[in-house]
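Source file: target00.cif. Holds: mmCIF, C-alpha atoms.
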data_entry
loop_
_atom_site.label_atom_id
_atom_site.label_comp_id
_atom_site.auth_asym_id
_atom_site.auth_seq_id
_atom_site.Cartn_x
_atom_site.Cartn_y
_atom_site.Cartn_z
CA MET A 129 -14.57 6.97 4.53
CA THR A 130 -15.11 6.96 8.29
CA GLU A 131 -13.15 4.83 10.75
CA ILE A 132 -16.12 2.47 11.06
CA GLU A 133 -16.47 2.11 7.28
CA ILE A 134 -12.76 1.34 6.92
CA SER A 135 -12.97 -1.17 9.78
CA ASN A 136 -15.92 -2.90 8.11
CA GLU A 137 -14.03 -3.14 4.80
CA ILE A 138 -11.07 -4.79 6.55
CA MET A 139 -13.38 -7.12 8.51
CA SER A 140 -14.98 -8.38 5.28
CA ILE A 141 -11.69 -9.66 3.80
CA LYS A 142 -11.48 -13.48 3.96
CA SER A 143 -8.44 -14.40 1.81
CA ARG A 144 -5.06 -13.08 0.64
CA GLU A 145 -6.31 -12.80 -2.95
CA GLN A 146 -9.30 -10.78 -1.77
CA MET A 147 -7.05 -8.46 0.23
CA ILE A 148 -4.73 -7.85 -2.73
CA ARG A 149 -7.63 -7.24 -5.13
CA PHE A 150 -9.24 -4.84 -2.67
CA LEU A 151 -6.04 -2.86 -1.96
CA ASP A 152 -5.19 -2.82 -5.69
CA GLY A 153 -8.53 -1.28 -6.57
CA TYR A 154 -8.39 1.02 -3.56
CA SER A 155 -4.91 2.24 -4.61
CA ALA A 156 -6.09 2.91 -8.17
CA ASP A 157 -8.98 5.03 -6.86
CA ARG A 158 -6.68 7.03 -4.60
CA LEU A 159 -4.25 7.72 -7.48
CA GLU A 160 -7.07 9.23 -9.52
CA GLU A 161 -7.96 11.44 -6.56
CA LEU A 162 -4.31 12.48 -6.18
CA ASP A 163 -4.29 13.48 -9.86
CA GLU A 164 -7.34 15.64 -9.18
CA ARG A 165 -5.65 17.00 -6.01
CA LYS A 166 -8.68 15.93 -4.02
CA THR A 167 -8.44 12.82 -1.86
CA ARG A 168 -11.68 11.52 -0.37
CA ALA A 169 -10.15 8.60 1.52
CA PRO A 170 -6.77 7.83 3.17
CA LEU A 171 -3.95 6.27 1.17
CA VAL A 172 -2.63 2.75 1.71
CA LYS A 173 0.13 2.83 4.33
CA SER A 174 2.53 0.09 5.35
CA TYR A 175 4.78 -0.16 8.41
CA MET A 176 7.89 -2.31 8.29
CA LEU A 177 8.58 -3.97 11.65
CA GLU A 178 11.51 -6.00 12.96
CA HIS A 179 11.56 -8.81 15.48
CA VAL A 180 14.32 -10.82 17.18
CA GLY A 181 15.74 -13.22 14.63
CA HIS A 182 18.91 -14.67 16.12
CA SER A 183 17.58 -16.68 19.06
CA GLY A 184 15.57 -19.86 19.13
CA ASN A 185 12.88 -18.16 21.22
CA VAL A 186 11.07 -16.51 18.31
CA ASN A 187 7.49 -15.51 19.04
CA THR A 188 4.91 -15.42 16.30
CA ALA A 189 3.03 -12.30 15.28
CA LEU A 190 -0.02 -13.92 16.84
CA ASN A 191 1.63 -14.19 20.29
CA ILE A 192 3.03 -10.67 20.22
CA MET A 193 -0.25 -9.02 19.27
CA ASN A 194 -2.35 -11.09 21.65
CA ARG A 195 -0.14 -10.04 24.57
CA ARG A 196 -0.83 -6.42 23.62
CA GLY A 197 -4.57 -7.03 23.78
CA ILE A 198 -4.92 -6.96 19.98
CA LEU A 199 -7.19 -9.58 18.46
CA THR A 200 -5.81 -11.46 15.46
CA SER A 201 -7.91 -13.20 12.82
CA GLN A 202 -5.83 -15.57 10.72
CA ILE A 203 -6.32 -15.35 6.94
CA ASP A 204 -3.53 -17.76 5.99
CA ASP A 205 -0.25 -18.98 7.48
CA ASN A 206 1.44 -15.57 7.17
CA LEU A 207 -1.44 -13.08 7.04
CA PHE A 208 -3.69 -11.77 9.84
CA LYS A 209 -6.34 -9.13 10.42
CA LEU A 210 -5.74 -6.98 13.51
CA GLN A 211 -8.56 -5.66 15.70
CA GLU A 212 -8.09 -3.18 18.51
CA THR A 213 -9.94 -4.02 21.75
CA ASP A 214 -10.74 -0.46 22.82
CA LYS A 215 -14.27 0.96 23.00
CA LYS A 216 -14.50 1.17 19.18
CA ASN A 217 -13.12 -2.34 18.48
CA LEU A 218 -11.80 -1.16 15.12
CA PHE A 219 -10.15 -3.49 12.62
CA MET A 220 -6.87 -1.63 12.10
CA GLY A 221 -5.43 -3.46 9.10
CA PHE A 222 -3.48 -6.53 8.01
CA LEU A 223 -0.24 -7.97 9.42
CA GLU A 224 1.91 -10.06 7.06
CA THR A 225 4.86 -12.13 8.28
CA LEU A 226 7.54 -11.81 5.60
CA THR A 227 10.12 -13.87 7.54
CA PRO A 228 10.37 -14.92 11.21
CA ARG A 229 12.23 -11.63 11.75
CA TYR A 230 10.24 -9.14 9.66
CA PHE A 231 6.57 -8.16 9.67
CA VAL A 232 4.68 -5.54 7.68
CA PHE A 233 1.43 -3.90 8.78
CA TYR A 234 -0.92 -2.58 6.06
CA SER A 235 -3.59 -0.02 6.90
CA ILE A 236 -5.98 2.35 5.12
CA HIS A 237 -6.88 4.35 8.22
CA GLU A 238 -5.93 8.04 8.43
CA SER A 239 -2.21 8.62 9.02
CA GLN A 240 -2.80 10.31 12.35
CA LEU A 241 -4.57 7.20 13.67
CA ALA A 242 -2.45 4.52 11.97
CA ASP A 243 0.90 6.19 12.75
CA ARG A 244 0.27 6.62 16.45
CA TRP A 245 -1.37 3.21 16.85
CA THR A 246 1.62 1.49 15.23
CA LYS A 247 4.16 3.49 17.23
CA LYS A 248 2.32 2.64 20.46
CA VAL A 249 2.28 -1.08 19.58
CA VAL A 250 6.06 -0.95 19.04
CA SER A 251 6.71 1.18 22.13
CA ASP A 252 4.71 -1.23 24.31
CA SER A 253 6.33 -4.34 22.77
CA PRO A 254 9.98 -5.03 23.66
CA GLU A 255 9.96 -7.77 21.01
CA LEU A 256 9.22 -5.31 18.19
CA ASP A 257 11.02 -2.38 16.63
CA HIS A 258 10.60 -0.25 13.53
CA VAL A 259 12.84 -0.84 10.54
CA TRP A 260 15.19 2.16 10.74
CA LEU A 261 16.45 3.77 7.52
CA SER A 262 19.04 6.41 8.35
CA GLY A 263 20.07 9.28 6.09
CA LEU A 264 23.20 7.27 5.25
CA THR A 265 21.02 4.30 4.27
CA PHE A 266 18.78 6.51 2.16
CA ASN A 267 21.83 7.90 0.37
CA ALA A 268 22.69 4.35 -0.72
CA LEU A 269 19.05 3.59 -1.63
CA TRP A 270 19.01 6.76 -3.73
CA LYS A 271 21.61 5.09 -5.95
CA ARG A 272 19.15 2.23 -6.46
CA VAL A 273 16.44 4.73 -7.43
CA VAL A 274 18.81 6.15 -10.08
CA GLN A 275 19.63 2.66 -11.40
CA LEU A 276 16.04 1.36 -11.48
CA ASN A 277 14.36 4.34 -13.17
CA GLN A 278 14.55 6.43 -16.30
CA PRO A 279 16.34 9.78 -15.78
CA GLN A 280 13.25 11.77 -16.80
CA ARG A 281 11.18 10.29 -13.95
CA TYR A 282 10.71 12.59 -10.99
CA ALA A 283 12.45 12.07 -7.66
CA ARG A 284 11.00 13.15 -4.34
CA ILE A 285 13.31 13.43 -1.33
CA MET A 286 12.50 14.89 2.08
CA PHE A 287 15.28 16.23 4.30
CA GLN A 288 14.63 16.68 8.01
CA HIS A 289 17.03 17.70 10.76
CA ASP A 290 15.89 19.26 14.01
CA SER A 291 18.40 20.10 16.75
CA ILE A 292 15.88 19.45 19.52
CA TYR A 293 18.63 19.22 22.14
CA GLN A 294 20.08 22.62 21.24
CA ILE A 295 18.09 24.55 23.85
CA ASP A 296 18.46 26.67 26.95
CA SER A 297 20.02 24.59 29.70
CA GLU A 298 17.42 25.83 32.21
CA MET A 299 14.44 24.28 30.40
CA GLU A 300 12.82 21.19 31.81
CA LEU A 301 12.80 17.89 29.95
CA ARG A 302 10.41 18.16 27.04
CA ASP A 303 7.99 15.45 25.99
CA GLU A 304 9.56 13.23 23.34
CA SER A 305 6.36 12.17 21.60
CA GLU A 306 7.33 11.45 18.03
CA GLU A 307 6.03 13.57 15.20
CA ASP A 308 3.49 12.45 12.68
CA ASP A 309 5.69 13.06 9.65
CA GLU A 310 2.79 13.51 7.25
CA ASN A 311 0.74 15.77 9.53
CA PRO A 312 3.02 18.44 11.04
CA GLY A 313 1.28 20.73 13.49
CA LYS A 314 -1.10 18.02 14.79
CA ASN A 315 1.29 16.38 17.23
CA ILE A 316 1.09 15.71 20.93
CA GLY A 317 3.23 18.25 22.70
CA ASP A 318 2.83 21.18 20.29
CA GLU A 319 1.18 23.28 22.98
CA GLU A 320 3.56 22.30 25.80
CA TYR A 321 6.70 23.71 24.17
CA PRO A 322 7.04 27.28 22.96
CA LEU A 323 8.87 26.32 19.77
CA GLU A 324 8.32 29.76 18.29
CA ILE A 325 10.62 31.40 20.86
CA LEU A 326 13.45 28.87 20.53
CA GLU A 327 16.32 29.63 18.20
CA ARG A 328 18.02 26.49 16.93
CA ARG A 329 18.84 24.80 13.67
CA ALA A 330 15.84 23.13 12.08
CA SER A 331 15.53 22.04 8.45
CA LYS A 332 12.60 20.29 6.83
CA PHE A 333 11.92 20.58 3.15
CA THR A 334 11.12 18.44 0.14
CA LEU A 335 12.98 18.35 -3.17
CA VAL A 336 11.05 17.28 -6.28
CA ASP A 337 12.88 17.24 -9.62
CA LYS A 338 13.93 14.92 -12.40
CA ILE A 339 16.13 12.05 -11.29
CA SER A 340 18.90 13.17 -13.65
CA VAL A 341 18.95 16.68 -12.12
CA VAL A 342 19.00 15.47 -8.51
CA HIS A 343 21.63 12.84 -9.31
CA GLU A 344 23.90 15.52 -10.79
CA LYS A 345 23.62 18.03 -7.94
CA LEU A 346 22.70 16.31 -4.66
CA GLU A 347 26.17 15.20 -3.56
CA ARG A 348 27.62 18.67 -4.11
CA LEU A 349 24.74 20.30 -2.24
CA GLN A 350 25.22 17.97 0.72
CA LYS A 351 28.85 19.03 1.06
CA ILE A 352 27.75 22.66 1.16
CA TYR A 353 24.77 22.26 3.51
CA PHE A 354 25.07 19.36 5.99
CA PRO A 355 21.33 18.95 6.85
CA LEU A 356 20.91 17.57 3.32
CA TYR A 357 22.57 14.38 4.58
CA ALA A 358 19.56 13.89 6.88
CA ILE A 359 17.23 12.28 4.35
CA SER A 360 14.07 11.24 6.18
CA GLN A 361 11.92 10.16 3.23
CA LEU A 362 12.65 8.85 -0.26
CA ARG A 363 10.25 7.98 -3.07
CA PHE A 364 10.77 4.96 -5.29
CA PRO A 365 8.91 5.70 -8.55
CA SER A 366 6.60 2.90 -9.64
CA PRO A 367 7.96 0.99 -12.68
CA VAL A 368 4.45 -0.18 -13.61
CA GLY A 369 2.69 3.18 -13.74
CA ARG A 370 2.54 6.67 -12.34
CA GLY A 371 3.33 7.72 -8.80
CA GLY A 372 5.54 5.84 -6.40
CA HIS A 373 6.20 4.62 -2.87
CA ASP A 374 7.37 6.98 -0.11
CA PHE A 375 9.71 5.30 2.41
CA TYR A 376 10.16 7.09 5.76
CA ASP A 377 13.09 6.74 8.16
CA TYR A 378 11.06 4.77 10.73
CA GLY A 379 9.91 2.17 8.20
CA LYS A 380 6.59 3.66 7.17
CA VAL A 381 5.78 3.38 3.45
CA THR A 382 2.97 5.36 1.79
CA ASN A 383 1.58 4.07 -1.48
CA ARG A 384 1.18 6.98 -3.91
CA SER A 385 0.86 4.69 -6.91
CA GLY A 386 -2.17 2.93 -8.32
CA ASN A 387 -0.77 -0.56 -7.75
CA PHE A 388 -0.68 -2.36 -4.40
CA ARG A 389 1.25 -5.32 -5.81
CA ASP A 390 4.07 -2.98 -6.81
CA HIS A 391 3.89 -1.35 -3.38
CA ARG A 392 4.37 -4.73 -1.69
CA SER A 393 7.20 -5.65 -4.10
CA HIS A 394 9.10 -2.50 -3.11
CA ILE A 395 8.64 -3.30 0.57
CA ILE A 396 10.02 -6.81 0.05
CA TYR A 397 12.94 -5.36 -1.93
CA ILE A 398 13.87 -2.96 0.88
CA GLN A 399 13.32 -5.69 3.48
CA HIS A 400 15.85 -7.92 1.69
CA ILE A 401 18.38 -5.07 1.62
CA TYR A 402 17.77 -4.32 5.30
CA ASP A 403 18.07 -7.98 6.25
CA ALA A 404 21.44 -8.20 4.46
CA LEU A 405 22.56 -5.04 6.28
CA MET A 406 21.39 -6.43 9.64
CA LYS A 407 23.26 -9.71 9.14
CA MET A 408 26.43 -7.86 8.16
CA THR A 409 26.04 -5.49 11.13
CA GLU A 410 25.66 -8.28 13.67
CA GLU A 411 28.46 -10.32 12.13
CA LYS A 412 30.89 -7.41 12.44
CA ILE A 413 29.80 -5.70 15.64
CA TRP A 414 28.94 -8.45 18.12
CA PHE A 415 31.54 -8.70 20.88
CA SER A 416 32.25 -12.09 22.40
CA LEU A 417 35.03 -14.43 23.45
CA GLU A 418 35.84 -17.23 21.03
CA LYS A 419 38.08 -20.23 21.54
CA GLU A 420 41.24 -20.31 19.46
CA THR A 421 41.18 -23.00 16.79
CA ILE A 422 44.90 -23.57 17.28
CA GLN A 423 45.86 -23.89 20.91
CA THR A 424 49.01 -22.03 21.99
CA PRO A 425 50.38 -21.68 25.53
CA GLY A 426 48.55 -18.93 27.41
CA ALA A 427 46.08 -18.19 24.60
CA PHE A 428 42.79 -20.02 24.82
CA GLN A 429 40.28 -17.35 23.86
CA LYS A 430 40.20 -14.28 21.64
CA LEU A 431 37.96 -11.24 21.63
CA ILE A 432 35.96 -10.79 18.44
CA GLY A 433 33.75 -7.92 17.33
CA SER A 434 34.15 -4.27 16.32
CA PRO A 435 32.96 -1.10 18.05
CA LEU A 436 30.43 1.29 16.58
CA SER A 437 32.04 4.71 16.18
CA ILE A 438 30.06 7.86 15.37
CA LYS A 439 32.17 10.98 14.84
CA PHE A 440 30.44 14.36 14.95
CA LYS A 441 31.34 16.89 12.29
CA GLU A 442 31.57 19.64 14.90
CA PRO A 443 31.87 19.37 18.72
CA LEU A 444 28.55 19.69 20.54
CA ALA A 445 27.99 22.73 22.74
CA LYS A 446 28.04 21.87 26.44
CA GLU A 447 24.35 22.78 26.84
CA THR A 448 23.43 20.56 23.90
CA PHE A 449 25.54 17.67 25.20
CA ASP A 450 24.12 17.93 28.73
CA TYR A 451 20.51 18.17 27.57
CA TRP A 452 20.87 15.25 25.17
CA ILE A 453 22.25 13.03 27.95
CA LYS A 454 19.66 14.23 30.47
CA SER A 455 16.78 13.77 28.04
CA THR A 456 17.88 10.32 26.87
CA PHE A 457 18.86 8.73 30.18
CA GLY A 458 16.67 10.81 32.50
CA ARG A 459 13.41 9.19 31.39
CA THR A 460 12.26 5.69 30.50
CA ARG A 461 10.68 6.63 27.16
CA ASN A 462 13.00 8.53 24.84
CA ARG A 463 13.64 8.78 21.10
CA PHE A 464 16.73 6.57 21.27
CA ARG A 465 14.85 3.80 23.13
CA LEU A 466 17.80 3.37 25.52
CA TRP A 467 18.02 3.08 29.28
CA GLY A 468 20.99 3.42 31.62
CA ASN A 469 22.69 5.43 34.34
CA PRO A 470 25.42 7.65 32.86
CA ILE A 471 28.70 7.85 34.75
CA ARG A 472 30.23 11.32 34.41
CA LEU A 473 33.94 11.09 33.49
CA GLY A 474 34.39 14.79 32.68
CA PRO A 475 32.48 17.95 31.72
CA ARG A 476 31.69 16.51 28.29
CA LYS A 477 32.32 12.81 28.68
CA ILE A 478 30.14 10.01 30.07
CA HIS A 479 30.16 6.24 30.18
CA VAL A 480 26.92 4.25 30.11
CA TYR A 481 26.33 0.62 31.04
CA GLY A 482 22.92 0.56 29.42
CA VAL A 483 20.28 -1.58 27.80
CA ASP A 484 18.28 -1.27 24.62
CA ARG A 485 14.55 -1.29 25.38
CA HIS A 486 14.07 -3.43 22.27
CA LEU A 487 14.63 -6.91 23.78
CA TRP A 488 16.27 -5.37 26.90
CA GLN A 489 19.74 -6.39 25.77
CA PRO A 490 22.96 -4.65 26.95
CA ILE A 491 24.84 -1.86 25.22
CA PHE A 492 27.95 -0.07 26.53
CA MET A 493 28.67 3.49 25.38
CA GLU A 494 31.20 6.22 25.82
CA ILE A 495 29.81 9.58 24.71
CA THR A 496 31.67 12.86 24.40
CA ASP A 497 30.96 16.15 22.65
CA LYS A 498 33.03 14.86 19.67
CA ASN A 499 31.96 11.24 19.24
CA LEU A 500 30.01 8.25 20.45
CA THR A 501 31.54 4.78 20.77
CA ALA A 502 29.34 1.76 21.47
CA ILE A 503 30.13 -1.85 22.30
CA ILE A 504 27.34 -4.26 21.30
CA PRO A 505 27.57 -7.66 23.07
CA LYS A 506 26.58 -10.77 21.15
CA GLY A 507 22.81 -11.21 21.32
CA THR A 508 21.94 -7.51 21.25
CA CYS A 509 19.81 -6.80 18.18
CA GLY A 510 21.68 -5.09 15.34
CA ASN A 511 18.68 -2.80 14.96
CA THR A 512 20.11 -0.89 17.94
CA VAL A 513 22.85 0.36 15.62
CA HIS A 514 20.50 1.51 12.85
CA ARG A 515 18.10 3.27 15.24
CA LEU A 516 21.03 5.04 16.89
CA VAL A 517 22.49 6.20 13.56
CA THR A 518 19.08 7.37 12.30
CA ASN A 519 18.38 9.44 15.40
CA ILE A 520 21.90 10.87 15.58
CA GLN A 521 21.53 12.17 12.01
CA ARG A 522 18.01 13.45 12.58
CA PHE A 523 18.51 15.18 15.94
CA ILE A 524 22.23 15.59 16.69
CA ASP A 525 24.49 15.81 13.62
CA PRO A 526 23.27 15.14 10.06
CA ALA A 527 26.83 14.89 8.74
CA ALA A 528 28.15 12.49 11.40
CA GLU A 529 30.59 9.85 10.10
CA VAL A 530 29.81 6.28 11.15
CA TYR A 531 32.15 3.29 11.27
CA ILE A 532 31.86 -0.30 12.46
CA GLY A 533 35.46 -1.13 13.19
CA ASP A 534 37.40 0.26 10.24
CA MET A 535 34.51 -0.12 7.77
CA LYS A 536 32.38 2.89 6.89
CA TYR A 537 28.66 2.46 7.50
CA ASN A 538 28.01 3.85 3.98
CA ASP A 539 30.08 1.05 2.45
CA MET A 540 28.15 -1.57 4.41
CA VAL A 541 24.83 -0.25 3.07
CA ASP A 542 26.22 -0.13 -0.49
CA GLU A 543 27.42 -3.71 -0.21
CA SER A 544 24.08 -4.89 1.26
CA SER A 545 21.97 -3.19 -1.40
CA GLY A 546 24.18 -4.11 -4.36
CA GLY A 547 23.41 -7.81 -4.15
CA VAL A 548 19.60 -7.53 -4.00
CA LYS A 549 17.61 -7.50 -7.24
CA TYR A 550 14.25 -5.79 -7.57
CA GLU A 551 11.59 -8.01 -9.12
CA LEU A 552 8.47 -6.68 -10.81
CA PRO A 553 5.19 -7.67 -9.11
CA ASN A 554 3.32 -10.69 -10.41
#
Do you think you could lay out the structure here as structure tokens?
Amino acid sequence: MTEIEISNEIMSIKSREQMIRFLDGYSADRLEELDERKTRAPLVKSYMLEHVGHSGNVNTALNIMNRRGILTSQIDDNLFKLQETDKKNLFMGFLETLTPRYFVFYSIHESQLADRWTKKVVSDSPELDHVWLSGLTFNALWKRVVQLNQPQRYARIMFQHDSIYQIDSEMELRDESEEDDENPGKNIGDEEYPLEILERRASKFTLVDKISVVHEKLERLQKIYFPLYAISQLRFPSPVGRGGHDFYDYGKVTNRSGNFRDHRSHIIYIQHIYDALMKMTEEKIWFSLEKETIQTPGAFQKLIGSPLSIKFKEPLAKETFDYWIKSTFGRTRNRFRLWGNPIRLGPRKIHVYGVDRHLWQPIFMEITDKNLTAIIPKGTCGNTVHRLVTNIQRFIDPAAEVYIGDMKYNDMVDESSGGVKYELPN
């Protein structure tokens, strides 16, 4: 199918039921093509997005998209069609509001188009961010995969760690255009950087085996080879048929099953887990002054909140540390989506009074070659934490240990996911 044909299919949808029936049938056709190892049309892709949820100034999906010059056609109270206003005027897909805080964008365009369009919408929209699933989060979600599926089903896990900051200190700042994770080798910036002459640690491979085999061996393998902690994609097998749903670390989900309803059910399941994790994160990490309930002489307020602490497994080389700081705070657009002026406190120690470009809220950090400590004031989105952890694992240290106060990040994810039940699609 061409871009125009896909756009026309999306344009013709008039109701939620029609959308679901169309994407269900479309998914079934694509599964048959996958079985034949010959796909004639793109797969269904979904993008999980997060929006400010703790203030009273919540904008609707309609307002956010309209400010970006994207036309919205309302299907029902929580479902819209999105049309780009460039020279092609393509209908890009459907936007569903799951809650005031979480949106999901469904598209059947090619990954190269849909990925970059979605990332640009987020990059240009301070109100929006991707849902970030770190390697530590995926490790906890892997336990849910084991619990929800028969041991003979096949698991698919992608591991990706690239030490992009481990380079010659004389090189200029490289473009930080994000990769298209499903189309390596087709990315902006491939020609600008002579990757073939750089020597640095880079791991990207996919493990496919029975769930029982992976469950038995993965933890031991991770202790031997640290990049295996940097899970960047995890498949949830479909309980209602063959195939499954591939979740990526930036919230993209590819439907490789024949059932769109099941695809949407898995997205809602992960969204509930992520929402529980976000609420726990903000409850524990937000710093503020609170009045004492019992007044005592000289004590009228107390400081509440816990710092984020990320401890690197091994100290960073000075060149790596310097380039990471220069690349992150030396340009407006960077992978960490942070802005600030670093204050040098030593050869390998800086302090940053910064802001997160998602909502432009403050964040204070002390970064050394051994650890990163961040103070998150009340009102700063908890997604800052999960994006930071995801990118640290992916690009700095896959085996980094993360704490919020004295609580391990892993334990928070386990606790958040343990209370959410997966429900089969209707």
Worksheet item: Around (26.5, -1.5, 2.7) in the file's frame, which residues reach within 12 Å when counting only C-alpha atoms? Return as number ranges by chain?
Response: A: 264-269, 271, 401-409, 530-532, 535-548
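Closest approach to Leu487 in chain A among A:His179, A:Arg515, A:Lys380, A:Arg195: A:His179, based on only C-alpha atoms.
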Practice prompt. Run the PyMOL selection byres ((chain A and resi 349-365) around 8) on the file and write out the hits as a VMD selection string.
Written response: chain A and resid 261 to 264 266 to 267 270 273 277 281 to 289 331 345 to 348 366 to 367 370 to 377 394 521 to 522 526 to 527
Worksheet entry | Long-range neighbours of Ser251 in chain A as a PyMOL selection string, 12 Å cut-off, only C-alpha atoms, 6 positions minimum in chain | chain A and resi 177+196+244-245+257-258+305-306+460-466+485-487
Item to complete: Take the PyMOL selection byres ((chain A and resi 207-218) around 12), apply it to the structure above, and return the hits as an MDAnalysis selection string.
Response: chainID A and resid 130:145 147:148 188:206 219:227 231:235 237 241:242 245:246 249
Can I get the selected residues back with C-alpha atoms, as an mmCIF file, in the coordinates of the input?
data_model
loop_
_atom_site.group_PDB
_atom_site.id
_atom_site.type_symbol
_atom_site.label_atom_id
_atom_site.label_comp_id
_atom_site.auth_asym_id
_atom_site.auth_seq_id
_atom_site.Cartn_x
_atom_site.Cartn_y
_atom_site.Cartn_z
ATOM 1 C CA THR A 130 -15.110 6.960 8.290
ATOM 2 C CA GLU A 131 -13.150 4.830 10.750
ATOM 3 C CA ILE A 132 -16.120 2.470 11.060
ATOM 4 C CA GLU A 133 -16.470 2.110 7.280
ATOM 5 C CA ILE A 134 -12.760 1.340 6.920
ATOM 6 C CA SER A 135 -12.970 -1.170 9.780
ATOM 7 C CA ASN A 136 -15.920 -2.900 8.110
ATOM 8 C CA GLU A 137 -14.030 -3.140 4.800
ATOM 9 C CA ILE A 138 -11.070 -4.790 6.550
ATOM 10 C CA MET A 139 -13.380 -7.120 8.510
ATOM 11 C CA SER A 140 -14.980 -8.380 5.280
ATOM 12 C CA ILE A 141 -11.690 -9.660 3.800
ATOM 13 C CA LYS A 142 -11.480 -13.480 3.960
ATOM 14 C CA SER A 143 -8.440 -14.400 1.810
ATOM 15 C CA ARG A 144 -5.060 -13.080 0.640
ATOM 16 C CA GLU A 145 -6.310 -12.800 -2.950
ATOM 17 C CA MET A 147 -7.050 -8.460 0.230
ATOM 18 C CA ILE A 148 -4.730 -7.850 -2.730
ATOM 19 C CA THR A 188 4.910 -15.420 16.300
ATOM 20 C CA ALA A 189 3.030 -12.300 15.280
ATOM 21 C CA LEU A 190 -0.020 -13.920 16.840
ATOM 22 C CA ASN A 191 1.630 -14.190 20.290
ATOM 23 C CA ILE A 192 3.030 -10.670 20.220
ATOM 24 C CA MET A 193 -0.250 -9.020 19.270
ATOM 25 C CA ASN A 194 -2.350 -11.090 21.650
ATOM 26 C CA ARG A 195 -0.140 -10.040 24.570
ATOM 27 C CA ARG A 196 -0.830 -6.420 23.620
ATOM 28 C CA GLY A 197 -4.570 -7.030 23.780
ATOM 29 C CA ILE A 198 -4.920 -6.960 19.980
ATOM 30 C CA LEU A 199 -7.190 -9.580 18.460
ATOM 31 C CA THR A 200 -5.810 -11.460 15.460
ATOM 32 C CA SER A 201 -7.910 -13.200 12.820
ATOM 33 C CA GLN A 202 -5.830 -15.570 10.720
ATOM 34 C CA ILE A 203 -6.320 -15.350 6.940
ATOM 35 C CA ASP A 204 -3.530 -17.760 5.990
ATOM 36 C CA ASP A 205 -0.250 -18.980 7.480
ATOM 37 C CA ASN A 206 1.440 -15.570 7.170
ATOM 38 C CA PHE A 219 -10.150 -3.490 12.620
ATOM 39 C CA MET A 220 -6.870 -1.630 12.100
ATOM 40 C CA GLY A 221 -5.430 -3.460 9.100
ATOM 41 C CA PHE A 222 -3.480 -6.530 8.010
ATOM 42 C CA LEU A 223 -0.240 -7.970 9.420
ATOM 43 C CA GLU A 224 1.910 -10.060 7.060
ATOM 44 C CA THR A 225 4.860 -12.130 8.280
ATOM 45 C CA LEU A 226 7.540 -11.810 5.600
ATOM 46 C CA THR A 227 10.120 -13.870 7.540
ATOM 47 C CA PHE A 231 6.570 -8.160 9.670
ATOM 48 C CA VAL A 232 4.680 -5.540 7.680
ATOM 49 C CA PHE A 233 1.430 -3.900 8.780
ATOM 50 C CA TYR A 234 -0.920 -2.580 6.060
ATOM 51 C CA SER A 235 -3.590 -0.020 6.900
ATOM 52 C CA HIS A 237 -6.880 4.350 8.220
ATOM 53 C CA LEU A 241 -4.570 7.200 13.670
ATOM 54 C CA ALA A 242 -2.450 4.520 11.970
ATOM 55 C CA TRP A 245 -1.370 3.210 16.850
ATOM 56 C CA THR A 246 1.620 1.490 15.230
ATOM 57 C CA VAL A 249 2.280 -1.080 19.580
#
Worksheet item: Restricting the calculation to only C-alpha atoms, which member of A:Trp467, A:Leu473, A:Pro490, A:Tyr230 is positioned closest to Cys509 in chain A?
Response: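 Closest to Cys509 in chain A, using only C-alpha atoms: A:Pro490.
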When the PyMOL selection byres ((chain A and resi 167-172) around 9) is applied to the file above, which residues end up in the set, as a PDB file with C-alpha atoms, keeping the file's coordinate frame?
ATOM      1  CA  MET A 129     -14.570   6.970   4.530  1.00  0.00           C
ATOM      2  CA  THR A 130     -15.110   6.960   8.290  1.00  0.00           C
ATOM      3  CA  LEU A 151      -6.040  -2.860  -1.960  1.00  0.00           C
ATOM      4  CA  TYR A 154      -8.390   1.020  -3.560  1.00  0.00           C
ATOM      5  CA  SER A 155      -4.910   2.240  -4.610  1.00  0.00           C
ATOM      6  CA  ARG A 158      -6.680   7.030  -4.600  1.00  0.00           C
ATOM      7  CA  LEU A 159      -4.250   7.720  -7.480  1.00  0.00           C
ATOM      8  CA  GLU A 160      -7.070   9.230  -9.520  1.00  0.00           C
ATOM      9  CA  GLU A 161      -7.960  11.440  -6.560  1.00  0.00           C
ATOM     10  CA  LEU A 162      -4.310  12.480  -6.180  1.00  0.00           C
ATOM     11  CA  GLU A 164      -7.340  15.640  -9.180  1.00  0.00           C
ATOM     12  CA  ARG A 165      -5.650  17.000  -6.010  1.00  0.00           C
ATOM     13  CA  LYS A 166      -8.680  15.930  -4.020  1.00  0.00           C
ATOM     14  CA  LYS A 173       0.130   2.830   4.330  1.00  0.00           C
ATOM     15  CA  SER A 174       2.530   0.090   5.350  1.00  0.00           C
ATOM     16  CA  TYR A 234      -0.920  -2.580   6.060  1.00  0.00           C
ATOM     17  CA  SER A 235      -3.590  -0.020   6.900  1.00  0.00           C
ATOM     18  CA  ILE A 236      -5.980   2.350   5.120  1.00  0.00           C
ATOM     19  CA  HIS A 237      -6.880   4.350   8.220  1.00  0.00           C
ATOM     20  CA  GLU A 238      -5.930   8.040   8.430  1.00  0.00           C
ATOM     21  CA  SER A 239      -2.210   8.620   9.020  1.00  0.00           C
ATOM     22  CA  VAL A 381       5.780   3.380   3.450  1.00  0.00           C
ATOM     23  CA  THR A 382       2.970   5.360   1.790  1.00  0.00           C
ATOM     24  CA  ASN A 383       1.580   4.070  -1.480  1.00  0.00           C
ATOM     25  CA  ARG A 384       1.180   6.980  -3.910  1.00  0.00           C
ATOM     26  CA  PHE A 388      -0.680  -2.360  -4.400  1.00  0.00           C
TER      27      PHE A 388
END
